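> What follows is input_24.cif; its format and atoms are mmCIF, N, CA and C atoms.
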```cif
data_target
loop_
_atom_site.label_atom_id
_atom_site.label_comp_id
_atom_site.auth_asym_id
_atom_site.auth_seq_id
_atom_site.Cartn_x
_atom_site.Cartn_y
_atom_site.Cartn_z
N MET A 1 -56.17 11.25 40.97
CA MET A 1 -56.84 12.52 41.19
C MET A 1 -56.00 13.64 40.60
N PRO A 2 -56.61 14.58 39.93
CA PRO A 2 -55.83 15.66 39.32
C PRO A 2 -55.25 16.64 40.33
N PHE A 3 -55.76 16.69 41.55
CA PHE A 3 -55.28 17.65 42.54
C PHE A 3 -54.43 16.99 43.61
N SER A 4 -53.79 15.88 43.27
CA SER A 4 -52.86 15.22 44.17
C SER A 4 -51.62 14.81 43.38
N GLU A 5 -50.58 14.44 44.12
CA GLU A 5 -49.35 14.00 43.47
C GLU A 5 -49.51 12.56 42.98
N LYS A 6 -48.62 12.15 42.09
CA LYS A 6 -48.64 10.77 41.62
C LYS A 6 -48.36 9.84 42.80
N ARG A 7 -49.03 8.71 42.80
CA ARG A 7 -48.88 7.68 43.83
C ARG A 7 -49.28 8.17 45.22
N SER A 8 -50.04 9.21 45.30
CA SER A 8 -50.49 9.72 46.59
C SER A 8 -51.98 9.49 46.72
N ARG A 9 -52.36 9.03 47.88
CA ARG A 9 -53.76 8.78 48.13
C ARG A 9 -54.47 10.05 48.60
N PHE A 10 -53.69 11.02 49.05
CA PHE A 10 -54.25 12.23 49.65
C PHE A 10 -54.07 13.44 48.74
N THR A 11 -54.94 14.42 48.89
CA THR A 11 -54.82 15.65 48.12
C THR A 11 -53.70 16.51 48.70
N LEU A 12 -53.23 17.47 47.91
CA LEU A 12 -52.19 18.38 48.39
C LEU A 12 -52.69 19.22 49.55
N ARG A 13 -53.97 19.58 49.52
CA ARG A 13 -54.53 20.37 50.61
C ARG A 13 -54.52 19.58 51.91
N PHE A 14 -54.91 18.30 51.85
CA PHE A 14 -54.88 17.45 53.04
C PHE A 14 -53.46 17.28 53.56
N GLU A 15 -52.51 17.06 52.66
CA GLU A 15 -51.12 16.89 53.07
C GLU A 15 -50.58 18.17 53.72
N THR A 16 -50.92 19.33 53.18
CA THR A 16 -50.46 20.59 53.75
C THR A 16 -51.02 20.79 55.15
N LYS A 17 -52.30 20.53 55.32
CA LYS A 17 -52.91 20.67 56.65
C LYS A 17 -52.33 19.64 57.61
N SER A 18 -52.04 18.45 57.12
CA SER A 18 -51.46 17.40 57.96
C SER A 18 -50.08 17.81 58.47
N ILE A 19 -49.27 18.42 57.61
CA ILE A 19 -47.94 18.86 58.03
C ILE A 19 -48.05 19.94 59.10
N ARG A 20 -49.01 20.85 58.96
CA ARG A 20 -49.21 21.87 60.00
C ARG A 20 -49.61 21.24 61.33
N ILE A 21 -50.43 20.22 61.29
CA ILE A 21 -50.83 19.53 62.51
C ILE A 21 -49.64 18.77 63.10
N LEU A 22 -48.87 18.10 62.23
CA LEU A 22 -47.72 17.33 62.70
C LEU A 22 -46.63 18.19 63.35
N GLN A 23 -46.58 19.47 63.00
CA GLN A 23 -45.61 20.36 63.62
C GLN A 23 -45.92 20.58 65.09
N ASN A 24 -47.15 20.33 65.49
CA ASN A 24 -47.57 20.57 66.88
C ASN A 24 -48.02 19.31 67.60
N MET A 25 -47.88 18.15 66.96
CA MET A 25 -48.39 16.91 67.54
C MET A 25 -47.44 15.77 67.21
N ASP A 26 -47.33 14.80 68.10
CA ASP A 26 -46.48 13.65 67.81
C ASP A 26 -47.17 12.71 66.82
N LEU A 27 -46.40 11.84 66.23
CA LEU A 27 -46.88 10.99 65.14
C LEU A 27 -47.99 10.03 65.60
N TYR A 28 -47.84 9.47 66.78
CA TYR A 28 -48.84 8.50 67.27
C TYR A 28 -50.21 9.15 67.42
N ASN A 29 -50.27 10.30 68.09
CA ASN A 29 -51.55 10.98 68.27
C ASN A 29 -52.12 11.47 66.94
N PHE A 30 -51.24 11.88 66.03
CA PHE A 30 -51.70 12.30 64.71
C PHE A 30 -52.38 11.16 63.97
N THR A 31 -51.75 9.98 63.97
CA THR A 31 -52.33 8.84 63.25
C THR A 31 -53.65 8.40 63.89
N CYS A 32 -53.76 8.50 65.21
CA CYS A 32 -55.02 8.14 65.87
C CYS A 32 -56.11 9.16 65.54
N THR A 33 -55.76 10.43 65.54
CA THR A 33 -56.74 11.47 65.26
C THR A 33 -57.21 11.43 63.82
N MET A 34 -56.28 11.27 62.88
CA MET A 34 -56.64 11.30 61.46
C MET A 34 -57.06 9.94 60.92
N ASP A 35 -56.94 8.89 61.74
CA ASP A 35 -57.32 7.53 61.37
C ASP A 35 -56.57 7.06 60.12
N ILE A 36 -55.24 7.24 60.13
CA ILE A 36 -54.39 6.73 59.07
C ILE A 36 -53.26 5.94 59.71
N SER A 37 -52.55 5.16 58.91
CA SER A 37 -51.45 4.35 59.44
C SER A 37 -50.18 5.18 59.56
N CYS A 38 -49.22 4.64 60.29
CA CYS A 38 -47.92 5.32 60.43
C CYS A 38 -47.22 5.42 59.08
N LYS A 39 -47.35 4.39 58.27
CA LYS A 39 -46.72 4.41 56.95
C LYS A 39 -47.29 5.53 56.09
N GLN A 40 -48.60 5.73 56.15
CA GLN A 40 -49.22 6.81 55.39
C GLN A 40 -48.76 8.17 55.90
N ALA A 41 -48.61 8.29 57.23
CA ALA A 41 -48.13 9.55 57.80
C ALA A 41 -46.70 9.84 57.35
N TRP A 42 -45.85 8.81 57.35
CA TRP A 42 -44.47 9.02 56.90
C TRP A 42 -44.42 9.35 55.41
N ASN A 43 -45.34 8.81 54.62
CA ASN A 43 -45.41 9.16 53.20
C ASN A 43 -45.79 10.63 53.02
N ILE A 44 -46.70 11.12 53.85
CA ILE A 44 -47.07 12.54 53.80
C ILE A 44 -45.85 13.40 54.12
N ILE A 45 -45.09 13.00 55.13
CA ILE A 45 -43.88 13.74 55.51
C ILE A 45 -42.86 13.70 54.38
N ALA A 46 -42.68 12.52 53.77
CA ALA A 46 -41.71 12.39 52.67
C ALA A 46 -42.10 13.26 51.48
N HIS A 47 -43.39 13.32 51.16
CA HIS A 47 -43.84 14.18 50.06
C HIS A 47 -43.58 15.65 50.37
N ALA A 48 -43.80 16.04 51.62
CA ALA A 48 -43.55 17.44 52.01
C ALA A 48 -42.07 17.78 51.89
N VAL A 49 -41.21 16.85 52.28
CA VAL A 49 -39.76 17.09 52.18
C VAL A 49 -39.36 17.19 50.71
N GLU A 50 -39.89 16.33 49.87
CA GLU A 50 -39.59 16.39 48.43
C GLU A 50 -40.01 17.71 47.82
N ARG A 51 -41.21 18.18 48.20
CA ARG A 51 -41.67 19.48 47.68
C ARG A 51 -40.77 20.61 48.16
N GLY A 52 -40.35 20.55 49.42
CA GLY A 52 -39.46 21.59 49.94
C GLY A 52 -38.10 21.59 49.27
N LEU A 53 -37.55 20.40 49.03
CA LEU A 53 -36.25 20.32 48.37
C LEU A 53 -36.32 20.75 46.91
N SER A 54 -37.46 20.52 46.27
CA SER A 54 -37.59 20.93 44.87
C SER A 54 -37.65 22.46 44.74
N ARG A 55 -38.12 23.14 45.79
CA ARG A 55 -38.17 24.60 45.76
C ARG A 55 -36.83 25.24 46.13
N LYS A 56 -35.94 24.46 46.70
CA LYS A 56 -34.65 24.98 47.11
C LYS A 56 -33.82 25.32 45.88
N ARG A 57 -33.30 26.52 45.85
CA ARG A 57 -32.58 26.98 44.65
C ARG A 57 -31.08 26.70 44.72
N SER A 58 -30.44 27.10 45.78
CA SER A 58 -28.99 26.91 45.88
C SER A 58 -28.59 26.89 47.35
N HIS A 59 -27.33 26.69 47.58
CA HIS A 59 -26.82 26.72 48.95
C HIS A 59 -26.82 28.16 49.47
N PRO A 60 -27.05 28.34 50.76
CA PRO A 60 -27.06 29.69 51.32
C PRO A 60 -25.66 30.31 51.33
N ARG A 61 -25.63 31.65 51.41
CA ARG A 61 -24.35 32.35 51.43
C ARG A 61 -23.66 32.23 52.78
N VAL A 62 -24.44 32.32 53.88
CA VAL A 62 -23.89 32.27 55.23
C VAL A 62 -24.56 31.12 55.98
N ILE A 63 -23.74 30.21 56.54
CA ILE A 63 -24.30 29.06 57.25
C ILE A 63 -23.76 28.99 58.68
N CYS A 64 -24.49 28.31 59.53
CA CYS A 64 -24.06 27.97 60.88
C CYS A 64 -24.13 26.45 61.00
N ILE A 65 -23.15 25.87 61.65
CA ILE A 65 -23.12 24.42 61.85
C ILE A 65 -23.20 24.17 63.35
N ASP A 66 -24.11 23.28 63.75
CA ASP A 66 -24.32 23.02 65.16
C ASP A 66 -24.48 21.52 65.39
N ASP A 67 -23.97 21.04 66.51
CA ASP A 67 -24.15 19.65 66.93
C ASP A 67 -25.09 19.62 68.12
N LYS A 68 -26.05 18.73 68.06
CA LYS A 68 -27.00 18.54 69.17
C LYS A 68 -26.89 17.09 69.62
N SER A 69 -26.94 16.89 70.93
CA SER A 69 -26.90 15.52 71.44
C SER A 69 -28.30 15.06 71.79
N TYR A 70 -28.51 13.76 71.65
CA TYR A 70 -29.77 13.14 72.07
C TYR A 70 -29.45 11.75 72.58
N LYS A 71 -30.43 11.08 73.14
CA LYS A 71 -30.23 9.78 73.79
C LYS A 71 -29.19 9.88 74.90
N LYS A 72 -29.42 10.82 75.81
CA LYS A 72 -28.56 11.05 76.98
C LYS A 72 -27.12 11.36 76.59
N GLY A 73 -26.94 12.09 75.49
CA GLY A 73 -25.61 12.53 75.09
C GLY A 73 -24.78 11.49 74.39
N ARG A 74 -25.36 10.37 74.04
CA ARG A 74 -24.58 9.31 73.39
C ARG A 74 -24.60 9.37 71.88
N LYS A 75 -25.58 10.05 71.32
CA LYS A 75 -25.68 10.19 69.87
C LYS A 75 -25.81 11.66 69.54
N TYR A 76 -25.36 12.01 68.34
CA TYR A 76 -25.35 13.41 67.94
C TYR A 76 -26.02 13.59 66.59
N ILE A 77 -26.56 14.79 66.40
CA ILE A 77 -27.15 15.19 65.14
C ILE A 77 -26.47 16.50 64.74
N THR A 78 -26.04 16.61 63.49
CA THR A 78 -25.39 17.81 62.98
C THR A 78 -26.36 18.54 62.08
N THR A 79 -26.54 19.82 62.34
CA THR A 79 -27.45 20.63 61.52
C THR A 79 -26.69 21.76 60.85
N VAL A 80 -27.04 22.03 59.62
CA VAL A 80 -26.52 23.19 58.88
C VAL A 80 -27.69 24.15 58.74
N ILE A 81 -27.50 25.37 59.24
CA ILE A 81 -28.58 26.35 59.30
C ILE A 81 -28.24 27.53 58.41
N ASP A 82 -29.21 28.00 57.64
CA ASP A 82 -29.07 29.21 56.84
C ASP A 82 -29.23 30.39 57.79
N CYS A 83 -28.17 31.15 57.99
CA CYS A 83 -28.19 32.25 58.96
C CYS A 83 -29.06 33.42 58.50
N GLU A 84 -29.28 33.56 57.22
CA GLU A 84 -30.08 34.68 56.72
C GLU A 84 -31.58 34.42 56.89
N THR A 85 -32.03 33.21 56.59
CA THR A 85 -33.46 32.91 56.71
C THR A 85 -33.80 32.17 57.99
N LYS A 86 -32.79 31.76 58.75
CA LYS A 86 -32.96 31.02 60.01
C LYS A 86 -33.65 29.67 59.80
N GLY A 87 -33.45 29.06 58.65
CA GLY A 87 -34.04 27.76 58.35
C GLY A 87 -32.99 26.67 58.33
N VAL A 88 -33.39 25.46 58.69
CA VAL A 88 -32.48 24.32 58.65
C VAL A 88 -32.29 23.92 57.20
N ASP A 89 -31.04 23.81 56.78
CA ASP A 89 -30.73 23.50 55.39
C ASP A 89 -30.29 22.05 55.19
N TYR A 90 -29.71 21.44 56.23
CA TYR A 90 -29.22 20.07 56.09
C TYR A 90 -29.14 19.45 57.48
N VAL A 91 -29.44 18.15 57.57
CA VAL A 91 -29.37 17.42 58.83
C VAL A 91 -28.62 16.12 58.59
N SER A 92 -27.70 15.79 59.50
CA SER A 92 -26.97 14.54 59.43
C SER A 92 -27.00 13.89 60.81
N PHE A 93 -27.14 12.58 60.85
CA PHE A 93 -27.20 11.87 62.12
C PHE A 93 -25.84 11.33 62.52
N GLU A 94 -24.80 12.06 62.20
CA GLU A 94 -23.43 11.72 62.60
C GLU A 94 -22.76 12.97 63.12
N ARG A 95 -21.67 12.77 63.82
CA ARG A 95 -20.87 13.90 64.30
C ARG A 95 -19.46 13.76 63.75
N LYS A 96 -19.38 13.62 62.45
CA LYS A 96 -18.09 13.43 61.80
C LYS A 96 -17.94 14.45 60.68
N LYS A 97 -16.70 14.71 60.34
CA LYS A 97 -16.41 15.67 59.27
C LYS A 97 -16.95 15.20 57.93
N LYS A 98 -16.91 13.90 57.69
CA LYS A 98 -17.35 13.37 56.40
C LYS A 98 -18.85 13.54 56.19
N SER A 99 -19.63 13.70 57.28
CA SER A 99 -21.06 13.90 57.11
C SER A 99 -21.37 15.24 56.44
N LEU A 100 -20.48 16.21 56.58
CA LEU A 100 -20.68 17.50 55.92
C LEU A 100 -20.30 17.46 54.45
N TYR A 101 -19.50 16.48 54.04
CA TYR A 101 -19.15 16.36 52.63
C TYR A 101 -20.39 16.03 51.78
N GLN A 102 -21.35 15.33 52.37
CA GLN A 102 -22.59 15.00 51.66
C GLN A 102 -23.40 16.26 51.37
N TYR A 103 -23.24 17.26 52.22
CA TYR A 103 -23.94 18.54 52.02
C TYR A 103 -23.35 19.27 50.85
#
```
Before anything else, please render the file you have as structure tokens.

Amino acid sequence: MPFSEKRSRFTLRFETKSIRILQNMDLYNFTCTMDISCKQAWNIIAHAVERGLSRKRSHPRVICIDDKSYKKGRKYITTVIDCETKGVDYVSFERKKKSLYQY
């Protein structure tokens, strides 16, 4: 289809609307409502992330680094946040110094 990405079964408009719905709904209910598989939903998410990363120009000037715990405090997620735009710039599922080297 000329109005979709390569290897995508869905149009860009459908993917954009799906991401807006997914921001307010969990994956299971989304797949039941839209009658698509979990793999297709994850592909929509992956395409959205690729489009977002392609628009990213450079690293922000001012960043904040934060650790969040999940799974009853046994696992951590490290986030790098752009302080000027208040957007998440990088996420790592480790709480180690070397995880920031990848950023």
> Going by the chain IDs and residue numbers used in this file, which residues fall under the PyMOL selection byres (((chain A and resi 15 and name CA) around 10) and name CA)? Write them as a short mmCIF file (atom, residue, chain, number, x, y, z; two decimals) with N, CA and C atoms, in the coordinates of the input.

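Saved the output as selection_21.cif:
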```cif
data_model
loop_
_atom_site.label_atom_id
_atom_site.label_comp_id
_atom_site.auth_asym_id
_atom_site.auth_seq_id
_atom_site.Cartn_x
_atom_site.Cartn_y
_atom_site.Cartn_z
N SER A 4 -53.79 15.88 43.27
CA SER A 4 -52.86 15.22 44.17
C SER A 4 -51.62 14.81 43.38
N SER A 8 -50.04 9.21 45.30
CA SER A 8 -50.49 9.72 46.59
C SER A 8 -51.98 9.49 46.72
N ARG A 9 -52.36 9.03 47.88
CA ARG A 9 -53.76 8.78 48.13
C ARG A 9 -54.47 10.05 48.60
N PHE A 10 -53.69 11.02 49.05
CA PHE A 10 -54.25 12.23 49.65
C PHE A 10 -54.07 13.44 48.74
N THR A 11 -54.94 14.42 48.89
CA THR A 11 -54.82 15.65 48.12
C THR A 11 -53.70 16.51 48.70
N LEU A 12 -53.23 17.47 47.91
CA LEU A 12 -52.19 18.38 48.39
C LEU A 12 -52.69 19.22 49.55
N ARG A 13 -53.97 19.58 49.52
CA ARG A 13 -54.53 20.37 50.61
C ARG A 13 -54.52 19.58 51.91
N PHE A 14 -54.91 18.30 51.85
CA PHE A 14 -54.88 17.45 53.04
C PHE A 14 -53.46 17.28 53.56
N THR A 16 -50.92 19.33 53.18
CA THR A 16 -50.46 20.59 53.75
C THR A 16 -51.02 20.79 55.15
N LYS A 17 -52.30 20.53 55.32
CA LYS A 17 -52.91 20.67 56.65
C LYS A 17 -52.33 19.64 57.61
N SER A 18 -52.04 18.45 57.12
CA SER A 18 -51.46 17.40 57.96
C SER A 18 -50.08 17.81 58.47
N ILE A 19 -49.27 18.42 57.61
CA ILE A 19 -47.94 18.86 58.03
C ILE A 19 -48.05 19.94 59.10
N ARG A 20 -49.01 20.85 58.96
CA ARG A 20 -49.21 21.87 60.00
C ARG A 20 -49.61 21.24 61.33
N ILE A 21 -50.43 20.22 61.29
CA ILE A 21 -50.83 19.53 62.51
C ILE A 21 -49.64 18.77 63.10
N ALA A 41 -48.61 8.29 57.23
CA ALA A 41 -48.13 9.55 57.80
C ALA A 41 -46.70 9.84 57.35
N ASN A 43 -45.34 8.81 54.62
CA ASN A 43 -45.41 9.16 53.20
C ASN A 43 -45.79 10.63 53.02
N ILE A 44 -46.70 11.12 53.85
CA ILE A 44 -47.07 12.54 53.80
C ILE A 44 -45.85 13.40 54.12
N ILE A 45 -45.09 13.00 55.13
CA ILE A 45 -43.88 13.74 55.51
C ILE A 45 -42.86 13.70 54.38
N HIS A 47 -43.39 13.32 51.16
CA HIS A 47 -43.84 14.18 50.06
C HIS A 47 -43.58 15.65 50.37
N ALA A 48 -43.80 16.04 51.62
CA ALA A 48 -43.55 17.44 52.01
C ALA A 48 -42.07 17.78 51.89
#
```
> Of the candidates A:Asp35, A:Lys97, A:Val80, A:Leu27, which one gets nearest to His59 (chain A) if we count only C-alpha atoms?
A:Val80
> Could you spell out the hits of the PyMOL selection byres ((chain A and resi 68) around 6.5) on the shown file, as an MDAnalysis selection string?
chainID A and resid 66:67 69:70 75:79
> At a cut-off of 7 Å around the point (-26.3, 28.0, 55.4) (file coordinates), what residues fall inside when counting all atoms listed in the file? I'd like the answer as number ranges by chain.
A: 59-64, 80-84, 89
> Which of chain A end up as alpha helix (DSSP H) when DSSP is run on this backbone - answer as number ranges by chain?
A: 12-22, 27-34, 38-55, 98-101
> Rounded to one decimal place, report the CA of Lys86 (chain A)-CA of Leu100 (chain A) distance in Å.
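Result for CA of Lys86 (chain A) versus CA of Leu100 (chain A): 18.7 Å, one decimal.
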> With all atoms listed in the file as the atoms that count, which of A:Tyr103, A:Cys38, A:Asn29, A:Glu50 lies nearest to Tyr90 (chain A)?
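Checking each candidate against Tyr90 (chain A), we get A:Tyr103 as the closest.
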> Between atom N of Phe30 (chain A) and CA of Glu94 (chain A), what distance in Å does the model show, to one decimal?
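So the two atoms, atom N of Phe30 (chain A) and CA of Glu94 (chain A), lie 28.0 Å apart.
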> Residues of chain A classed as strand (DSSP E) by DSSP on the backbone are to be reported as a PyMOL selection string.
chain A and resi 63-70+75-82+87-92
